[in-house]
Amino acid sequence: MKKTYIHIIAFIISILSFTSCEVANQLVADYESSETSNLRESEVIQGLKRALNIGADMAVSDLSKPDAFYSNAAYKILLPKEAQFITDNKNNPLLQAVGVDKMINDVEISMNKAAEKAVNQAKPIFVNAITNMSIQDAFGILNGSDTAASNYLRRSTYQQLYAQFKPEISKTLNQPIYKGVSTNYAWSNLTSAYNGVANFVPSWNHIDTNLDNYVTNKALQALFEEIKNEEKKIRKDPAARVEDILKKVFK
């Protein structure tokens, strides 16, 4: 995008912040009608909304596929850090005797499936945030970093997504989604077995972690990371600009 256009945008944004709506709207109208204008404000907003929609749709679609979390090293949900001690010491004869390897595997697979099932809850929340994007938001995203759009979505939707995800994940964690056993049941088996052994090893701390918050946060972290990846593609790779409006805005 030409530097002149960026300077004009910055000027308009400053005016929007300090003058009446009537004056600001007139300035925008004058700019749009000028012979030097290459892009209309409406085109910029349309292009950014399409980019956000495409990025969010792709992220949700990719992460809701079977084993999208478990098979991806970047997003795979491992045991909580409080339980990392179990993984680090899983070869201990006492833990091997209670079948710790299978228990860890059951918990990790089912946690990842719970996150996978919750991801589809994000679509309507993203659509609402994108629909309500302001002019200032749009131009800030356009001239921002490679992840400015993703950061906007995170700011606008994280709390609502958390509130929507957590009940779904809690429900899923209590469903027998892997080998007829629920995540929480598998987790209870693992921690109970470990805590039973820890009773005889003074240096081992007991573990009593609730998985609901942990898995919810991990699912959202993966979702926004995936949206960032999609945004970077659209900004940097012409081949990712699959619609004319994207080609026009992201030059």
# chains A, B, ... in the order shown; residues from 1 in each chain; ligands from 1

$ residues_around --residues "A:Asp67" --least-positions-apart "3" --cutoff "8 Å" --atoms "only C-alpha atoms" --output "list in words"
Tyr70, Ser71, Asn72, Asn112, Lys113 and Glu116 of chain A

$ select_by_dssp --residues "stretch 24-162 of chain A" --states "helix (DSSP H, G or I)" --output "ChimeraX atom specification"
/A:24-33,41-63,81-88,93-97,100-131,135-142,148-162

$ residues_around --residues "stretch 61-63 of chain A" --least-positions-apart "5" --cutoff "10 Å" --atoms "only C-alpha atoms" --output "JSON, numbers by chain"
{"A": [55, 56, 68, 69, 72, 75, 115, 116, 117, 118, 119, 120, 123, 219, 222, 223, 226]}

$ atom_distance --atom1 "atom CA of A:Ile227" --atom2 "atom CA of A:Asn143"
17.9 Å
